[in-house]
Structure formats: C-alpha cells, structure tokens
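Peer 1: The structure that follows is given in the form of structure tokens.
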Amino acid sequence: AQSVTQLGSHVSVSEGALVLLRCNYSSSVPPYLFWYVQYPNQGLQLLLKYTSAATLVKGINGFEAEFKKSETSFHLTKPSAHMSDAAEYFCAVSNTGGFKTIFGAGTRLFVKA
Amino acid sequence: DAGITQSPRYKITETGRQVTLMCHQTWSHSYMFWYRQDLGHGLRLIYYSAAADITDKGEVPDGYVVSRSKTENFPLTLESATRSQTSVYFCASSYTDRGRGNEQFFGPGTRLTVL
C-alpha cells in the first residue's frame, strides 16, 4: 500500500524567504512522486514530478524537490517566496506500474509581505 | 478550447434529489477520475475509469454512480443526495504512457451544496 504524509497543514513565510514544504511517502514499489499546486477556486495543476530519471527535480515557478530514498522524502523547496506562491500544495505518490494516485492532505502556504 | 471542463461550477440541491456532475476532456486520455475534496481530508477518489465502458470504485464510492459511454465524458451522479455529499468535486484525466509518470490533469471543480 502507498501513503503520503505532509508535515504541517499550514506554513507561513515572509516574502523573499525560503519555502520548504515537507512530504514523506510510503511505497513498497518504486514510486512516482508529484507536487501539485491549487490556487483558490481552481483545480490542481502539476508543479513537478519524479520518475526516477534524476533525484533533484525542477518544476515551474522556481520550485524544486529532491527525492531521498533513504529518508522516503520528497520535500518541495523554493529559494525565495513570492506573494503569488500563496496556495495549497499537495504531494502525491503513484507506483510505476499503475495509474492510481494517492494525495496527501495538503499544505497551505501563506506568504507575508 | 482543449482541456478538461466540468459543469456546473456551482450547484445547490436538496436532500434526496438526484444530481449529475459533468466532466469532458478533449485530450482523448484513457483514464478519468472523480475526486471529492473536503477540509482535512485532501482528495479522495470516488470512482475511476480506465477506458470507455470500464469503471471501478475508488476509496469513497457509496452514494455515487458513474458511466463512461464515450472516452471524452465521465459523468458522476448522486442518486439521492445527502448533506454529507456537500463538497468540491474534481474530475481529472491521465494518459497511459506509464514511463512518463501518469500525471493527472484536473478540471476546475464543481462546488456542490446539499441542503
């Protein structure tokens, strides 16, 4: 069985500060890992994905995530937060042989001016 | 315009009524999904479909019915709406090239309120 745990339902940072959103996964098979972002009143859209090609994955809007197998983690980072980054972020896992995706509970990011 | 659309975007109904939420995608993706999003629960899978005429239950299927007579459409029906079905519903689709990671593409959502 697969699962995803996002540490912290809310994270608040100042504009220009580092963004770190934590995600740990559980999977008995090699996983695919994803980060999605959801802006208010919109559907989820893909930020980045890990498909085993490279452990450091770069996504849109300056975000990146590093796959660490030993820690079963896939934390999302951005060096400098912007007001427009305020949104909810979801970590997700699927297995390399399947199509069903398990989503974490989400982390809402607040960016203070 | 290409993409995945949902209708209606907002719906208010009463307990016991039948409601159908529509989902349409223009990419010819094989897989389609219905999720509900509730505070504190993230996204929960209701039903999914691997192709036309192939559907299966997800995590929370009770009280819902789906059909998929055409690849591009995947309607979700609440046969007799209950207050616990008040939620935001998202439709998503995905291609079948597993080597590329099976990312899902989401519609804008339908906010359903059951009074």
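If you're wondering about the labels, chains in the structure tokens are A, B, ... by order shown, residues count from 1 in each chain, ligands from 1 in order shown.
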Pick out the residues sitting within 8 Å of range 79-87 of chain B, and hand them over as a compact mmCIF listing (two decimals) with C-alpha atoms, in the first residue's frame; count only C-alpha atoms, and ignore anything fewer than 3 positions along from it in its own chain.
Peer 2:
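As a result, part_3.txt now contains:
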# COMPACT_ATOMS: atom_id res chain seq x y z
CA THR B 13 -29.64 20.98 -4.28
CA GLU B 14 -31.83 19.43 -1.63
CA THR B 15 -31.53 16.18 0.25
CA GLY B 16 -32.92 13.26 -1.72
CA ARG B 17 -32.61 14.81 -5.16
CA GLN B 18 -30.61 13.28 -7.97
CA VAL B 19 -27.69 15.37 -9.22
CA ARG B 36 -14.02 14.92 -3.68
CA GLN B 37 -12.12 17.48 -1.68
CA ASP B 38 -13.07 18.15 1.92
CA GLY B 63 -23.94 7.03 -2.95
CA TYR B 64 -22.36 7.73 -6.33
CA VAL B 65 -22.79 6.26 -9.79
CA ARG B 111 -18.84 23.12 -5.65
CA LEU B 112 -21.91 21.17 -4.54
CA THR B 113 -24.06 22.14 -1.59
CA VAL B 114 -26.77 19.79 -0.37
CA LEU B 115 -29.34 21.45 1.87
Peer 1: Taking only C-alpha atoms into account, which residues of chain A are within 8 Å of chain B, as an NGL selection string?
Peer 2: :A and (32 or 34 or 41-46 or 49-51 or 96-99 or 103-106)
Peer 1: Would you put the residues from that selection into a file with N, CA, C and O atoms, as a compact mmCIF listing (two decimals), in the first residue's frame?
Peer 2:
# COMPACT_ATOMS: atom_id res chain seq x y z
N TYR A 32 6.38 6.87 -8.32
CA TYR A 32 6.39 8.16 -8.98
C TYR A 32 5.90 9.16 -7.92
O TYR A 32 4.98 8.85 -7.17
N PHE A 34 4.87 13.33 -7.02
CA PHE A 34 4.38 14.56 -7.64
C PHE A 34 4.16 15.63 -6.59
O PHE A 34 3.86 15.34 -5.43
N ASN A 41 -10.19 28.43 -5.78
CA ASN A 41 -11.27 28.19 -6.75
C ASN A 41 -10.78 27.61 -8.08
O ASN A 41 -11.40 27.84 -9.12
N GLN A 42 -9.68 26.89 -8.01
CA GLN A 42 -9.17 26.24 -9.21
C GLN A 42 -8.87 24.77 -8.93
O GLN A 42 -8.83 24.33 -7.77
N GLY A 43 -8.68 24.01 -10.01
CA GLY A 43 -8.24 22.63 -9.86
C GLY A 43 -6.75 22.57 -9.59
O GLY A 43 -6.05 23.59 -9.58
N LEU A 44 -6.27 21.36 -9.35
CA LEU A 44 -4.84 21.16 -9.10
C LEU A 44 -4.09 21.22 -10.43
O LEU A 44 -4.60 20.80 -11.47
N GLN A 45 -2.86 21.73 -10.36
CA GLN A 45 -2.01 21.70 -11.54
C GLN A 45 -0.63 21.21 -11.13
O GLN A 45 -0.16 21.47 -10.02
N LEU A 46 0.02 20.51 -12.02
CA LEU A 46 1.29 19.88 -11.71
C LEU A 46 2.40 20.91 -11.58
O LEU A 46 2.58 21.78 -12.45
N LYS A 49 7.40 16.52 -11.10
CA LYS A 49 7.23 15.09 -10.85
C LYS A 49 8.57 14.38 -10.87
O LYS A 49 9.50 14.79 -11.58
N TYR A 50 8.67 13.33 -10.10
CA TYR A 50 9.84 12.47 -10.06
C TYR A 50 9.48 11.14 -10.69
O TYR A 50 8.52 10.49 -10.26
N THR A 51 10.28 10.75 -11.71
CA THR A 51 10.01 9.49 -12.37
C THR A 51 11.26 8.62 -12.45
O THR A 51 11.36 7.78 -13.34
N THR A 96 5.00 2.81 -10.23
CA THR A 96 5.45 2.87 -11.62
C THR A 96 4.66 1.94 -12.52
O THR A 96 4.73 2.04 -13.72
N GLY A 97 3.91 1.04 -11.92
CA GLY A 97 3.13 0.13 -12.75
C GLY A 97 1.68 0.48 -12.86
O GLY A 97 0.91 -0.17 -13.55
N GLY A 98 1.26 1.52 -12.16
CA GLY A 98 -0.16 1.80 -12.08
C GLY A 98 -0.53 3.21 -12.46
O GLY A 98 0.27 3.97 -12.97
N PHE A 99 -1.75 3.57 -12.18
CA PHE A 99 -2.26 4.86 -12.58
C PHE A 99 -2.96 5.58 -11.42
O PHE A 99 -3.20 6.77 -11.48
N PHE A 103 -3.02 11.12 -2.75
CA PHE A 103 -2.69 12.51 -2.43
C PHE A 103 -2.54 12.69 -0.93
O PHE A 103 -3.27 12.10 -0.14
N GLY A 104 -1.60 13.57 -0.56
CA GLY A 104 -1.51 13.99 0.82
C GLY A 104 -2.64 14.94 1.15
O GLY A 104 -3.42 15.35 0.28
N ALA A 105 -2.72 15.30 2.42
CA ALA A 105 -3.82 16.15 2.90
C ALA A 105 -3.66 17.61 2.50
O ALA A 105 -4.60 18.39 2.62
N GLY A 106 -2.47 17.97 2.03
CA GLY A 106 -2.26 19.33 1.56
C GLY A 106 -1.59 20.22 2.61
O GLY A 106 -1.77 20.02 3.82
Peer 1: Might you pull out every residue within 8 Å of Ser14 in chain A, with only C-alpha atoms counted and same-chain residues fewer than 2 positions away left off, and present them as a VMD selection string?
Peer 2: chain A and resid 12 16 to 17 81 111 to 113
Peer 1: Excluding Asn73 in chain B and its own-chain neighbours fewer than 2 positions away, which residues fall within 6 Å of it when counting only C-alpha atoms? Please give them as a ChimeraX atom specification.
Peer 2: /B:23-24,70-71
Peer 1: Write a file of the selected residues as a PDB file, in the first residue's frame, keeping C-alpha atoms.
Peer 2:
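Below you can see result00.pdb, which holds the result:
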ATOM      1  CA  CYS B  23     -16.875  16.135 -16.980  1.00  0.00           C
ATOM      2  CA  HIS B  24     -15.500  16.459 -20.502  1.00  0.00           C
ATOM      3  CA  LYS B  70     -17.613   7.855 -24.601  1.00  0.00           C
ATOM      4  CA  THR B  71     -13.917   8.353 -23.925  1.00  0.00           C
TER       5      THR B  71
END
Peer 1: Could you state the separation of CA of Gln6 in chain A and CA of Tyr89 in chain A in Å, given to one decimal place?
Peer 2: 9.4 Å
